[in-house]
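Chemist: Input structure: coords.cif, which contains mmCIF, C-alpha atoms and all ligand atoms.
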data_model
loop_
_atom_site.group_PDB
_atom_site.id
_atom_site.type_symbol
_atom_site.label_atom_id
_atom_site.label_comp_id
_atom_site.auth_asym_id
_atom_site.auth_seq_id
_atom_site.Cartn_x
_atom_site.Cartn_y
_atom_site.Cartn_z
ATOM 1 C CA MET A 4 -20.158 116.008 41.686
ATOM 2 C CA PRO A 5 -16.442 116.364 42.486
ATOM 3 C CA ARG A 6 -15.707 118.004 45.797
ATOM 4 C CA ARG A 7 -14.432 121.577 45.453
ATOM 5 C CA LEU A 8 -11.128 122.008 47.295
ATOM 6 C CA ILE A 9 -8.343 124.522 47.872
ATOM 7 C CA ILE A 10 -4.920 123.036 48.622
ATOM 8 C CA ASP A 11 -2.872 125.372 50.821
ATOM 9 C CA CYS A 12 0.722 124.129 50.900
ATOM 10 C CA ASP A 13 4.438 124.839 51.399
ATOM 11 C CA PRO A 14 6.222 122.577 48.889
ATOM 12 C CA GLY A 15 8.211 120.689 50.227
ATOM 13 C CA ILE A 16 8.523 117.164 48.846
ATOM 14 C CA ASP A 17 5.592 115.641 50.761
ATOM 15 C CA ASP A 18 3.387 118.569 49.729
ATOM 16 C CA ALA A 19 4.428 117.848 46.127
ATOM 17 C CA VAL A 20 3.330 114.207 46.465
ATOM 18 C CA ALA A 21 -0.039 115.380 47.811
ATOM 19 C CA LEU A 22 -0.410 117.681 44.797
ATOM 20 C CA CYS A 23 0.318 114.738 42.476
ATOM 21 C CA VAL A 24 -2.646 112.937 44.028
ATOM 22 C CA GLY A 25 -4.989 115.893 44.450
ATOM 23 C CA LEU A 26 -4.654 117.432 41.015
ATOM 24 C CA PHE A 27 -5.599 114.182 39.267
ATOM 25 C CA ALA A 28 -8.175 112.678 41.659
ATOM 26 C CA PRO A 29 -11.524 112.404 39.842
ATOM 27 C CA ALA A 30 -13.395 112.994 43.111
ATOM 28 C CA LEU A 31 -11.802 116.439 43.525
ATOM 29 C CA ASP A 32 -12.161 119.757 41.769
ATOM 30 C CA ILE A 33 -9.089 121.740 42.832
ATOM 31 C CA VAL A 34 -10.145 125.353 42.465
ATOM 32 C CA ALA A 35 -6.883 126.819 43.774
ATOM 33 C CA VAL A 36 -3.465 125.878 45.079
ATOM 34 C CA THR A 37 -2.167 128.507 47.471
ATOM 35 C CA ALA A 38 1.395 128.777 48.760
ATOM 36 C CA VAL A 39 2.387 129.459 52.347
ATOM 37 C CA GLU A 40 5.793 129.984 53.957
ATOM 38 C CA GLY A 41 6.907 126.886 55.838
ATOM 39 C CA ASN A 42 9.217 124.219 54.499
ATOM 40 C CA VAL A 43 10.732 126.977 52.343
ATOM 41 C CA PRO A 44 10.560 130.789 52.466
ATOM 42 C CA ALA A 45 7.507 132.503 50.961
ATOM 43 C CA GLU A 46 8.907 133.371 47.532
ATOM 44 C CA MET A 47 10.266 129.853 47.024
ATOM 45 C CA ALA A 48 6.997 128.233 48.123
ATOM 46 C CA SER A 49 5.146 130.269 45.483
ATOM 47 C CA THR A 50 7.660 129.350 42.781
ATOM 48 C CA ASN A 51 7.499 125.687 43.750
ATOM 49 C CA VAL A 52 3.702 125.588 43.460
ATOM 50 C CA GLN A 53 4.011 127.041 39.960
ATOM 51 C CA THR A 54 6.815 124.624 39.034
ATOM 52 C CA ILE A 55 4.875 121.564 40.221
ATOM 53 C CA ILE A 56 1.730 122.521 38.337
ATOM 54 C CA GLU A 57 3.692 123.179 35.157
ATOM 55 C CA ARG A 58 5.554 119.863 35.431
ATOM 56 C CA LEU A 59 2.355 117.900 36.088
ATOM 57 C CA ASP A 60 0.139 119.813 33.650
ATOM 58 C CA PRO A 61 -3.129 118.534 35.204
ATOM 59 C CA PRO A 62 -6.371 118.409 33.195
ATOM 60 C CA LYS A 63 -7.669 121.522 34.965
ATOM 61 C CA ILE A 64 -5.223 124.280 35.894
ATOM 62 C CA PRO A 65 -6.152 125.702 39.323
ATOM 63 C CA ARG A 66 -5.697 129.306 40.384
ATOM 64 C CA ILE A 67 -2.387 129.887 42.143
ATOM 65 C CA GLY A 68 -1.910 131.994 45.266
ATOM 66 C CA CYS A 69 1.430 133.500 46.285
ATOM 67 C CA ALA A 70 2.795 133.386 49.819
ATOM 68 C CA SER A 71 4.058 136.396 51.686
ATOM 69 C CA PRO A 72 6.497 136.164 54.593
ATOM 70 C CA GLY A 73 5.050 134.734 57.805
ATOM 71 C CA ASN A 74 4.529 136.326 61.201
ATOM 72 C CA ASN A 75 7.057 134.470 63.279
ATOM 73 C CA LEU A 76 10.448 135.986 64.021
ATOM 74 C CA ASP A 77 11.743 132.579 65.191
ATOM 75 C CA TYR A 78 10.842 130.963 61.865
ATOM 76 C CA ARG A 79 13.309 128.435 60.425
ATOM 77 C CA ASP A 80 12.604 126.573 57.231
ATOM 78 C CA ALA A 81 12.937 122.822 56.590
ATOM 79 C CA ARG A 82 15.302 122.839 53.639
ATOM 80 C CA PHE A 83 17.531 120.556 55.685
ATOM 81 C CA VAL A 84 14.924 117.915 54.804
ATOM 82 C CA HIS A 85 13.594 118.932 51.391
ATOM 83 C CA GLY A 86 16.777 120.283 49.765
ATOM 84 C CA LYS A 87 18.022 123.807 49.053
ATOM 85 C CA ASP A 88 15.177 124.475 46.622
ATOM 86 C CA GLY A 89 12.563 122.544 48.630
ATOM 87 C CA LEU A 90 12.072 120.084 45.773
ATOM 88 C CA GLY A 91 15.015 117.728 46.094
ATOM 89 C CA GLU A 92 17.627 119.833 44.253
ATOM 90 C CA VAL A 93 16.672 118.416 40.870
ATOM 91 C CA GLY A 94 17.301 121.791 39.198
ATOM 92 C CA PHE A 95 13.849 122.418 37.758
ATOM 93 C CA GLU A 96 13.626 125.502 35.575
ATOM 94 C CA THR A 97 12.274 128.378 37.614
ATOM 95 C CA SER A 98 8.858 129.256 36.340
ATOM 96 C CA SER A 99 7.667 132.804 35.953
ATOM 97 C CA HIS A 100 4.530 133.755 37.840
ATOM 98 C CA HIS A 101 1.649 134.609 35.561
ATOM 99 C CA GLN A 102 -0.268 136.335 38.302
ATOM 100 C CA ARG A 103 0.797 137.364 41.765
ATOM 101 C CA LYS A 104 -2.343 137.421 43.873
ATOM 102 C CA PRO A 105 -1.817 136.826 47.598
ATOM 103 C CA SER A 106 -2.894 133.395 48.790
ATOM 104 C CA GLU A 107 -5.315 134.752 51.398
ATOM 105 C CA LYS A 108 -7.093 136.852 48.762
ATOM 106 C CA ILE A 109 -7.540 133.882 46.452
ATOM 107 C CA ILE A 110 -8.824 131.808 49.384
ATOM 108 C CA CYS A 111 -11.356 134.506 50.389
ATOM 109 C CA ASP A 112 -12.491 135.108 46.794
ATOM 110 C CA GLU A 113 -13.059 131.429 46.008
ATOM 111 C CA VAL A 114 -15.022 130.811 49.219
ATOM 112 C CA LYS A 115 -17.088 133.943 48.688
ATOM 113 C CA ALA A 116 -17.934 132.879 45.141
ATOM 114 C CA ASP A 117 -19.295 129.496 46.258
ATOM 115 C CA PRO A 118 -20.230 129.772 49.955
ATOM 116 C CA GLY A 119 -20.594 126.501 51.842
ATOM 117 C CA ASN A 120 -19.195 124.365 49.031
ATOM 118 C CA ILE A 121 -15.436 124.811 49.285
ATOM 119 C CA SER A 122 -13.209 122.818 51.610
ATOM 120 C CA ILE A 123 -9.598 123.726 52.314
ATOM 121 C CA ILE A 124 -6.790 121.312 53.093
ATOM 122 C CA CYS A 125 -3.880 122.948 54.910
ATOM 123 C CA LEU A 126 -0.580 121.145 54.387
ATOM 124 C CA GLY A 127 1.620 123.878 55.845
ATOM 125 C CA PRO A 128 1.481 126.492 58.611
ATOM 126 C CA LEU A 129 -1.959 128.017 59.169
ATOM 127 C CA THR A 130 -0.850 131.579 58.316
ATOM 128 C CA ASN A 131 -3.013 132.015 55.200
ATOM 129 C CA ILE A 132 -6.192 130.840 56.913
ATOM 130 C CA ALA A 133 -5.626 133.204 59.850
ATOM 131 C CA ARG A 134 -4.997 136.056 57.391
ATOM 132 C CA ALA A 135 -8.153 135.173 55.444
ATOM 133 C CA ILE A 136 -10.117 135.307 58.717
ATOM 134 C CA GLN A 137 -8.661 138.756 59.439
ATOM 135 C CA ARG A 138 -9.367 139.932 55.906
ATOM 136 C CA ASP A 139 -13.018 138.899 55.721
ATOM 137 C CA ALA A 140 -15.091 138.334 58.847
ATOM 138 C CA ALA A 141 -17.658 136.224 56.946
ATOM 139 C CA PHE A 142 -15.050 133.974 55.335
ATOM 140 C CA ILE A 143 -14.645 131.138 57.811
ATOM 141 C CA GLU A 144 -18.340 130.404 58.279
ATOM 142 C CA ASN A 145 -18.656 129.887 54.535
ATOM 143 C CA VAL A 146 -15.937 127.214 54.411
ATOM 144 C CA ASP A 147 -17.345 123.692 54.132
ATOM 145 C CA GLN A 148 -14.541 121.918 56.016
ATOM 146 C CA LEU A 149 -10.961 122.600 57.036
ATOM 147 C CA ILE A 150 -8.642 119.598 56.937
ATOM 148 C CA MET A 151 -5.271 120.246 58.571
ATOM 149 C CA MET A 152 -2.019 118.310 58.749
ATOM 150 C CA GLY A 153 -0.342 119.321 61.967
ATOM 151 C CA GLY A 154 0.163 118.966 65.672
ATOM 152 C CA SER A 155 0.684 115.950 67.867
ATOM 153 C CA VAL A 156 -1.704 114.431 70.384
ATOM 154 C CA ALA A 157 1.011 112.521 72.238
ATOM 155 C CA GLY A 158 3.012 115.739 72.550
ATOM 156 C CA ILE A 159 5.967 114.373 70.591
ATOM 157 C CA GLY A 160 7.240 116.911 68.096
ATOM 158 C CA ASN A 161 9.387 116.701 64.994
ATOM 159 C CA ILE A 162 10.967 120.175 64.923
ATOM 160 C CA THR A 163 11.329 120.600 68.681
ATOM 161 C CA THR A 164 10.763 118.009 71.382
ATOM 162 C CA ALA A 165 7.217 119.246 71.809
ATOM 163 C CA ALA A 166 6.156 120.857 68.519
ATOM 164 C CA GLU A 167 5.184 119.627 65.083
ATOM 165 C CA PHE A 168 6.654 121.723 62.245
ATOM 166 C CA ASN A 169 3.497 123.288 60.716
ATOM 167 C CA ILE A 170 2.179 124.497 64.060
ATOM 168 C CA TYR A 171 5.633 125.557 65.274
ATOM 169 C CA CYS A 172 6.120 127.854 62.262
ATOM 170 C CA ASP A 173 3.154 130.047 63.218
ATOM 171 C CA PRO A 174 1.571 129.120 66.569
ATOM 172 C CA GLU A 175 -0.533 132.297 66.835
ATOM 173 C CA SER A 176 -2.214 131.648 63.489
ATOM 174 C CA ALA A 177 -2.744 128.001 64.420
ATOM 175 C CA GLN A 178 -4.436 129.003 67.678
ATOM 176 C CA GLN A 179 -6.697 131.422 65.848
ATOM 177 C CA VAL A 180 -7.704 128.730 63.366
ATOM 178 C CA PHE A 181 -8.266 126.138 66.135
ATOM 179 C CA ASP A 182 -10.711 128.622 67.697
ATOM 180 C CA ALA A 183 -12.515 129.403 64.437
ATOM 181 C CA PRO A 184 -16.175 128.424 63.973
ATOM 182 C CA VAL A 185 -15.804 125.873 61.171
ATOM 183 C CA LYS A 186 -15.809 122.084 60.944
ATOM 184 C CA LYS A 187 -12.176 121.020 61.371
ATOM 185 C CA ILE A 188 -10.396 117.712 60.889
ATOM 186 C CA LEU A 189 -6.844 117.358 62.163
ATOM 187 C CA ILE A 190 -4.416 114.732 60.902
ATOM 188 C CA PRO A 191 -1.631 114.890 63.493
ATOM 189 C CA LEU A 192 1.907 113.587 63.449
ATOM 190 C CA ASP A 193 0.827 110.575 65.577
ATOM 191 C CA ILE A 194 -1.030 109.342 62.464
ATOM 192 C CA THR A 195 1.269 110.402 59.615
ATOM 193 C CA MET A 196 4.316 108.896 61.331
ATOM 194 C CA GLN A 197 2.701 105.478 61.493
ATOM 195 C CA VAL A 198 2.839 105.309 57.712
ATOM 196 C CA HIS A 199 6.336 104.294 56.612
ATOM 197 C CA PHE A 200 6.885 104.503 52.882
ATOM 198 C CA THR A 201 9.675 102.000 52.267
ATOM 199 C CA LEU A 202 11.826 101.706 49.137
ATOM 200 C CA ASP A 203 9.172 99.388 47.655
ATOM 201 C CA PHE A 204 6.934 102.425 47.351
ATOM 202 C CA LEU A 205 9.542 104.186 45.214
ATOM 203 C CA ARG A 206 9.858 101.124 42.997
ATOM 204 C CA GLU A 207 6.084 100.749 42.598
ATOM 205 C CA LEU A 208 5.491 104.318 41.441
ATOM 206 C CA PRO A 209 4.327 104.753 37.843
ATOM 207 C CA ASP A 210 7.258 104.744 35.402
ATOM 208 C CA LYS A 211 8.807 107.747 33.708
ATOM 209 C CA THR A 212 6.435 107.635 30.766
ATOM 210 C CA SER A 213 3.781 109.333 32.936
ATOM 211 C CA ARG A 214 4.235 112.926 34.106
ATOM 212 C CA ILE A 215 3.552 111.982 37.732
ATOM 213 C CA GLY A 216 5.998 109.067 37.557
ATOM 214 C CA ARG A 217 8.738 111.183 35.995
ATOM 215 C CA PHE A 218 8.307 114.010 38.498
ATOM 216 C CA LEU A 219 8.216 111.798 41.591
ATOM 217 C CA ARG A 220 11.140 109.680 40.446
ATOM 218 C CA GLU A 221 13.141 112.926 40.180
ATOM 219 C CA VAL A 222 12.086 114.438 43.477
ATOM 220 C CA LEU A 223 11.508 111.605 45.976
ATOM 221 C CA PRO A 224 14.998 110.012 46.005
ATOM 222 C CA HIS A 225 16.269 113.121 47.812
ATOM 223 C CA LEU A 226 13.868 112.445 50.690
ATOM 224 C CA TYR A 227 15.003 108.795 50.965
ATOM 225 C CA ARG A 228 18.678 109.847 50.928
ATOM 226 C CA ASN A 229 17.985 112.531 53.500
ATOM 227 C CA TYR A 230 16.209 110.149 55.905
ATOM 228 C CA ARG A 231 19.013 107.606 55.535
ATOM 229 C CA GLN A 232 21.805 110.116 56.125
ATOM 230 C CA ARG A 233 20.117 112.156 58.849
ATOM 231 C CA LEU A 234 18.111 109.510 60.699
ATOM 232 C CA GLY A 235 19.559 106.192 59.561
ATOM 233 C CA GLN A 236 16.116 105.181 58.281
ATOM 234 C CA GLU A 237 15.361 103.329 55.031
ATOM 235 C CA SER A 238 11.776 104.572 54.856
ATOM 236 C CA VAL A 239 10.283 108.076 54.704
ATOM 237 C CA HIS A 240 7.194 109.864 56.019
ATOM 238 C CA ILE A 241 5.088 111.603 53.412
ATOM 239 C CA HIS A 242 2.890 113.404 55.931
ATOM 240 C CA ASP A 243 0.842 115.551 53.580
ATOM 241 C CA VAL A 244 -0.312 112.782 51.266
ATOM 242 C CA VAL A 245 -1.583 110.842 54.295
ATOM 243 C CA ALA A 246 -3.639 113.889 55.307
ATOM 244 C CA LEU A 247 -5.115 114.135 51.814
ATOM 245 C CA MET A 248 -6.062 110.453 51.986
ATOM 246 C CA GLN A 249 -8.357 111.214 54.922
ATOM 247 C CA LEU A 250 -10.392 113.360 52.564
ATOM 248 C CA LEU A 251 -10.344 110.879 49.685
ATOM 249 C CA GLU A 252 -10.703 107.637 51.642
ATOM 250 C CA PRO A 253 -12.230 108.646 55.011
ATOM 251 C CA GLU A 254 -13.126 105.052 55.962
ATOM 252 C CA LEU A 255 -9.392 104.346 56.399
ATOM 253 C CA PHE A 256 -9.275 106.676 59.404
ATOM 254 C CA GLU A 257 -11.033 106.772 62.763
ATOM 255 C CA LEU A 258 -11.819 110.269 64.020
ATOM 256 C CA VAL A 259 -12.491 111.342 67.588
ATOM 257 C CA SER A 260 -14.028 114.649 68.632
ATOM 258 C CA MET A 261 -11.442 116.477 70.771
ATOM 259 C CA ALA A 262 -10.568 119.810 72.346
ATOM 260 C CA GLY A 263 -7.238 121.131 71.037
ATOM 261 C CA GLN A 264 -5.252 124.289 71.814
ATOM 262 C CA VAL A 265 -1.820 125.613 70.865
ATOM 263 C CA GLU A 266 0.945 126.679 73.248
ATOM 264 C CA VAL A 267 1.904 130.144 72.029
ATOM 265 C CA GLY A 268 4.189 130.945 74.961
ATOM 266 C CA GLY A 269 6.683 128.627 76.561
ATOM 267 C CA GLU A 270 10.397 128.411 75.949
ATOM 268 C CA LEU A 271 10.607 124.698 75.325
ATOM 269 C CA SER A 272 7.017 124.066 74.361
ATOM 270 C CA ARG A 273 6.098 126.916 71.959
ATOM 271 C CA GLY A 274 4.055 125.499 69.072
ATOM 272 C CA ALA A 275 3.045 122.346 70.956
ATOM 273 C CA THR A 276 -0.565 121.212 70.681
ATOM 274 C CA LEU A 277 -2.472 120.240 73.815
ATOM 275 C CA PHE A 278 -5.657 118.212 73.994
ATOM 276 C CA ASP A 279 -7.934 118.092 77.003
ATOM 277 C CA GLN A 280 -8.122 114.399 77.826
ATOM 278 C CA ARG A 281 -9.003 114.713 81.502
ATOM 279 C CA SER A 282 -11.758 112.400 82.680
ATOM 280 C CA LYS A 283 -13.827 115.512 83.348
ATOM 281 C CA ARG A 284 -13.023 117.687 80.351
ATOM 282 C CA GLN A 285 -13.180 121.435 80.701
ATOM 283 C CA TRP A 286 -12.330 122.638 77.212
ATOM 284 C CA PRO A 287 -15.070 122.448 74.577
ATOM 285 C CA ASN A 288 -14.437 120.063 71.691
ATOM 286 C CA ASN A 289 -13.377 122.042 68.621
ATOM 287 C CA MET A 290 -12.192 119.509 66.043
ATOM 288 C CA ASP A 291 -12.246 115.901 64.903
ATOM 289 C CA VAL A 292 -8.824 114.327 65.254
ATOM 290 C CA ALA A 293 -7.606 111.236 63.412
ATOM 291 C CA ARG A 294 -6.611 108.685 66.049
ATOM 292 C CA VAL A 295 -6.466 105.413 64.072
ATOM 293 C CA VAL A 296 -5.288 104.751 60.535
ATOM 294 C CA ASP A 297 -5.264 101.657 58.328
ATOM 295 C CA VAL A 298 -1.598 101.940 57.380
ATOM 296 C CA THR A 299 -1.490 99.243 54.694
ATOM 297 C CA ALA A 300 -4.644 100.429 52.979
ATOM 298 C CA VAL A 301 -3.447 104.056 52.970
ATOM 299 C CA LYS A 302 -0.182 103.102 51.252
ATOM 300 C CA GLN A 303 -2.048 101.046 48.662
ATOM 301 C CA ALA A 304 -4.499 103.886 48.080
ATOM 302 C CA VAL A 305 -1.708 106.422 47.549
ATOM 303 C CA LEU A 306 -0.151 104.201 44.869
ATOM 304 C CA ARG A 307 -3.544 103.736 43.245
ATOM 305 C CA TYR A 308 -4.145 107.476 43.094
ATOM 306 C CA LEU A 309 -0.680 108.140 41.695
ATOM 307 C CA ASP A 310 -1.187 105.639 38.911
ATOM 308 C CA PRO A 311 -4.569 106.351 37.353
ATOM 309 C CA GLN A 312 -4.135 103.228 35.214
ATOM 310 C CA LEU A 313 -4.606 101.144 38.345
ATOM 311 C CA GLY A 314 -8.121 102.593 38.624
ATOM 312 C CA PHE A 315 -9.863 104.031 41.645
HETATM 313 C C1 LIG B 401 4.718 118.764 58.124
HETATM 314 O O1 LIG B 401 5.818 119.669 58.148
HETATM 315 C C2 LIG B 401 6.363 119.804 56.867
HETATM 316 O O2 LIG B 401 7.755 119.719 56.899
HETATM 317 C C3 LIG B 401 5.735 118.740 56.009
HETATM 318 O O3 LIG B 401 5.575 119.212 54.691
HETATM 319 C C4 LIG B 401 4.418 118.456 56.674
HETATM 320 O O4 LIG B 401 3.415 119.311 56.198
HETATM 321 C C5 LIG B 401 5.053 117.550 58.970
HETATM 322 O O5 LIG B 401 5.356 117.940 60.271
HETATM 323 CA CA CA B 402 3.764 120.640 54.189
#
Translate the structure described by the file into structure tokens.
Modeler:
Amino acid sequence: MPRRLIIDCDPGIDDAVALCVGLFAPALDIVAVTAVEGNVPAEMASTNVQTIIERLDPPKIPRIGCASPGNNLDYRDARFVHGKDGLGEVGFETSSHHQRKPSEKIICDEVKADPGNISIICLGPLTNIARAIQRDAAFIENVDQLIMMGGSVAGIGNITTAAEFNIYCDPESAQQVFDAPVKKILIPLDITMQVHFTLDFLRELPDKTSRIGRFLREVLPHLYRNYRQRLGQESVHIHDVVALMQLLEPELFELVSMAGQVEVGGELSRGATLFDQRSKRQWPNNMDVARVVDVTAVKQAVLRYLDPQLGF
């Protein structure tokens, strides 16, 4: 039976690539895609989820959840990476929302309707999960697994020196989720940044006769241009698709049980993740963290999932 999954995301080009994989993977039944403010402001994240699903037209149309503005007064978006519209400035037609249910309501409703059988993958800030916990006290214990892209074990950030973007956007929500009584898997920056998608990846994508191929060939070149101009790099990181691969191909990752917390104060370190690695640990373990990844196999698997003709 396909695994029932909610994708909570802030598209964002790498979120869009993850949706291309997730919405067509035979092993997954995507019950909902919920938007969260992060790479782009709330309204734009909701529109982008709708746009992506319409462009891809997957075999099963999931429910869509709309984002509302986040909690963090210091919030800055990441359109300097993903383009003014968050999807590479291709100029997609803006879709109209058919329904405007808040993401956290959709998340609570779906979990309540099938307790213990729904996993959630969080590809953006953890705002919606924290709000779902506040909305329904029974919610979190009925989630099968929470898979999260975020944080950094080495303490090297990508939005500040110390903080990874998803956690930085809403540290209080992240801390609340880290503390929540549910099985959690974290795919941190230390792992996603080992996977360099070079220009070969762009060339090997399915061609424009497939919907996935057409969409990605429109959107991804922006990310390559951006990395070249901003960082002088010829390859890109597609963080969120690497996180989704942990769920689809878990044998490509090595997990270690760890104790993680979020710095919610701190002037320079707000949004940093800390892990108790003392020889005599004092914090209780609260999540499994990916520490090793088979980089080559992950890249091959992503291409395989994007091109269903290559088979699974
Ligand atoms: C994460 O931040 C976002 O910009 C990406 O979409 C990814 O989820 C990487 O730090
Ligand atoms: Ca994201």
Chemist: Do you know which residues are at most 9 Å from region 50-59 of chain A counting all atoms listed in the file, after dropping those on the same chain fewer than 2 positions away, and could you put them as a VMD selection string?
Modeler: chain A and resid 12 to 15 19 22 to 23 26 36 to 38 45 to 48 61 64 to 65 67 to 69 88 to 90 95 to 100 214 to 215 218
Chemist: Can you tell me which residues sit at most 8 Å away from ligand LIG 401 (chain B), counting all atoms listed in the file, written as a PyMOL selection string?
Modeler: chain A and resi 12-18+41-42+81+84+126-128+152-154+161-162+167-169+192+241-243
Chemist: What is the distance, in Å and to one decimal place, between CA of Leu306 (chain A) and CA of Met290 (chain A)?
Modeler: 28.8 Å
Chemist: Quick one: distance from CA of Asp117 (chain A) to CA of Arg66 (chain A) in Å, one decimal?
Modeler: 14.8 Å
Chemist: For Leu277 (chain A), work out the shell of residues within 7 Å, counting all atoms listed in the file and skipping chain neighbours fewer than 5 positions away, then give it as a ChimeraX atom specification.
Modeler: /A:156,263-265
Chemist: Print the selection's residues with C-alpha atoms to a file, as a JSON list (two decimals), in the coordinates of the input.
Modeler:
[["chain", "number", "residue", "atom", "x", "y", "z"],
["A", 156, "VAL", "CA", -1.70, 114.43, 70.38],
["A", 263, "GLY", "CA", -7.24, 121.13, 71.04],
["A", 264, "GLN", "CA", -5.25, 124.29, 71.81],
["A", 265, "VAL", "CA", -1.82, 125.61, 70.86]]
Chemist: Convert the output of the PyMOL selection byres (((chain A and resi 79) around 12) and not hetatm) on the shown file into explicit residues, formatted as a list in words.
Modeler: Glu40, Gly41, Asn42, Val43, Pro44, Ala45, Pro72, Gly73, Asn74, Asn75, Leu76, Asp77, Tyr78, Asp80, Ala81, Arg82, Phe83, Ile162, Thr163, Phe168, Asn169, Tyr171, Cys172 and Asp173 of chain A
Chemist: The PyMOL selection byres (((chain A and resi 270) around 12) and not hetatm) - which residues does that actually catch in the file I just gave you? List them as a PDB file with C-alpha atoms, in the coordinates of the input.
Modeler:
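Result written to expr_10.pdb:
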ATOM      1  CA  ASP A  77      11.743 132.579  65.191  1.00  0.00           C
ATOM      2  CA  THR A 163      11.329 120.600  68.681  1.00  0.00           C
ATOM      3  CA  THR A 164      10.763 118.009  71.382  1.00  0.00           C
ATOM      4  CA  ALA A 165       7.217 119.246  71.809  1.00  0.00           C
ATOM      5  CA  ALA A 166       6.156 120.857  68.519  1.00  0.00           C
ATOM      6  CA  GLU A 266       0.945 126.679  73.248  1.00  0.00           C
ATOM      7  CA  VAL A 267       1.904 130.144  72.029  1.00  0.00           C
ATOM      8  CA  GLY A 268       4.189 130.945  74.961  1.00  0.00           C
ATOM      9  CA  GLY A 269       6.683 128.627  76.561  1.00  0.00           C
ATOM     10  CA  LEU A 271      10.607 124.698  75.325  1.00  0.00           C
ATOM     11  CA  SER A 272       7.017 124.066  74.361  1.00  0.00           C
ATOM     12  CA  ARG A 273       6.098 126.916  71.959  1.00  0.00           C
ATOM     13  CA  GLY A 274       4.055 125.499  69.072  1.00  0.00           C
ATOM     14  CA  ALA A 275       3.045 122.346  70.956  1.00  0.00           C
TER      15      ALA A 275
END
Chemist: On this file, the PyMOL selection byres (((chain A and resi 223) around 10) and not hetatm) gives some set of residues; write that set as a list in words.
Modeler: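 So the PyMOL selection byres (((chain A and resi 223) around 10) and not hetatm) ends up selecting Ile16, Asp17, Ala19, Val20, His85, Leu90, Gly91, Val93, Leu205, Phe218, Leu219, Arg220, Glu221, Val222, Pro224, His225, Leu226, Tyr227, Arg228, Asn229, Val239 and Ile241 of chain A.
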Chemist: In Å, how far is it from CA of Gly160 (chain A) to CA of Leu189 (chain A)?
Modeler: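 Separation of CA of Gly160 (chain A) and CA of Leu189 (chain A): 15.3 Å.
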Chemist: For each of A:Val244, A:Val198, A:Val185, A:Ile159, take the minimum atom-to-atom distance to ligand CA 402 (chain B), counting only C-alpha atoms and all ligand atoms, then give the residue where this is smallest.
Modeler: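 The answer is A:Val244, which sits nearest to ligand CA 402 (chain B).
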Chemist: I need the residue nearest ligand CA 402 (chain B) from this list: A:Val114, A:Ile10, A:Ile123, A:Ala262. Use only C-alpha atoms and all ligand atoms for the distance.
Modeler: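 Answer, going by the shortest atom-to-atom distance: A:Ile10.
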Chemist: Between A:Phe278, A:Gln236, A:Leu250, A:Ala141, single out the one closest to Ala157 (chain A), counting all atoms listed in the file.
Modeler: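 Using all atoms listed in the file, the shortest distance to Ala157 (chain A) belongs to A:Phe278.
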Chemist: Find, counting all atoms listed in the file, the residue in A:Val259, A:Cys125, A:Leu149, A:Val305 that gets nearest to ligand CA 402 (chain B).
Modeler: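 Nearest candidate to ligand CA 402 (chain B) out of A:Val259, A:Cys125, A:Leu149, A:Val305: A:Cys125.
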Chemist: Go through A:Val24, A:Ile33, A:Ala246, A:Leu202 one by one, measure the shortest atom-to-atom distance of each to ligand CA 402 (chain B) using only C-alpha atoms and all ligand atoms, and give the residue with the smallest value.
Modeler: A:Ala246
Chemist: May I ask which of the residues A:Ser106, A:Ser122, A:Gln137, A:Thr195 is the closest one to ligand CA 402 (chain B), counting all atoms listed in the file?
Modeler: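 Of A:Ser106, A:Ser122, A:Gln137, A:Thr195, the one nearest ligand CA 402 (chain B), counting all atoms listed in the file, is A:Thr195.
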Chemist: Set up a box along x, y and z of the file covering all listed atoms of region 6-19 of chain A, add 4 Å on every one of the six sides, and write the centre and edge lengths in Å to one decimal, as JSON.
Modeler:
{"center_x": -3.6, "center_y": 120.5, "center_z": 48.4, "size_x": 32.2, "size_y": 17.7, "size_z": 13.9}
Chemist: Got a minute to add N, CA and C atoms to region 13-20 of chain A and dump it as an mmCIF file, keeping the file's coordinate frame?
Modeler:
data_model
loop_
_atom_site.group_PDB
_atom_site.id
_atom_site.type_symbol
_atom_site.label_atom_id
_atom_site.label_comp_id
_atom_site.auth_asym_id
_atom_site.auth_seq_id
_atom_site.Cartn_x
_atom_site.Cartn_y
_atom_site.Cartn_z
ATOM 1 N N ASP A 13 3.103 124.227 51.318
ATOM 2 C CA ASP A 13 4.438 124.839 51.399
ATOM 3 C C ASP A 13 5.482 123.894 50.778
ATOM 4 N N PRO A 14 5.389 123.653 49.475
ATOM 5 C CA PRO A 14 6.222 122.577 48.889
ATOM 6 C C PRO A 14 7.709 122.868 48.977
ATOM 7 N N GLY A 15 8.458 121.920 49.501
ATOM 8 C CA GLY A 15 8.211 120.689 50.227
ATOM 9 C C GLY A 15 7.865 119.462 49.373
ATOM 10 N N ILE A 16 8.684 118.380 49.631
ATOM 11 C CA ILE A 16 8.523 117.164 48.846
ATOM 12 C C ILE A 16 7.211 116.462 49.184
ATOM 13 N N ASP A 17 6.838 116.376 50.455
ATOM 14 C CA ASP A 17 5.592 115.641 50.761
ATOM 15 C C ASP A 17 4.367 116.432 50.304
ATOM 16 N N ASP A 18 4.471 117.756 50.308
ATOM 17 C CA ASP A 18 3.387 118.569 49.729
ATOM 18 C C ASP A 18 3.269 118.257 48.233
ATOM 19 N N ALA A 19 4.426 118.114 47.573
ATOM 20 C CA ALA A 19 4.428 117.848 46.127
ATOM 21 C C ALA A 19 3.746 116.510 45.830
ATOM 22 N N VAL A 20 3.979 115.507 46.676
ATOM 23 C CA VAL A 20 3.330 114.207 46.465
ATOM 24 C C VAL A 20 1.813 114.367 46.619
#
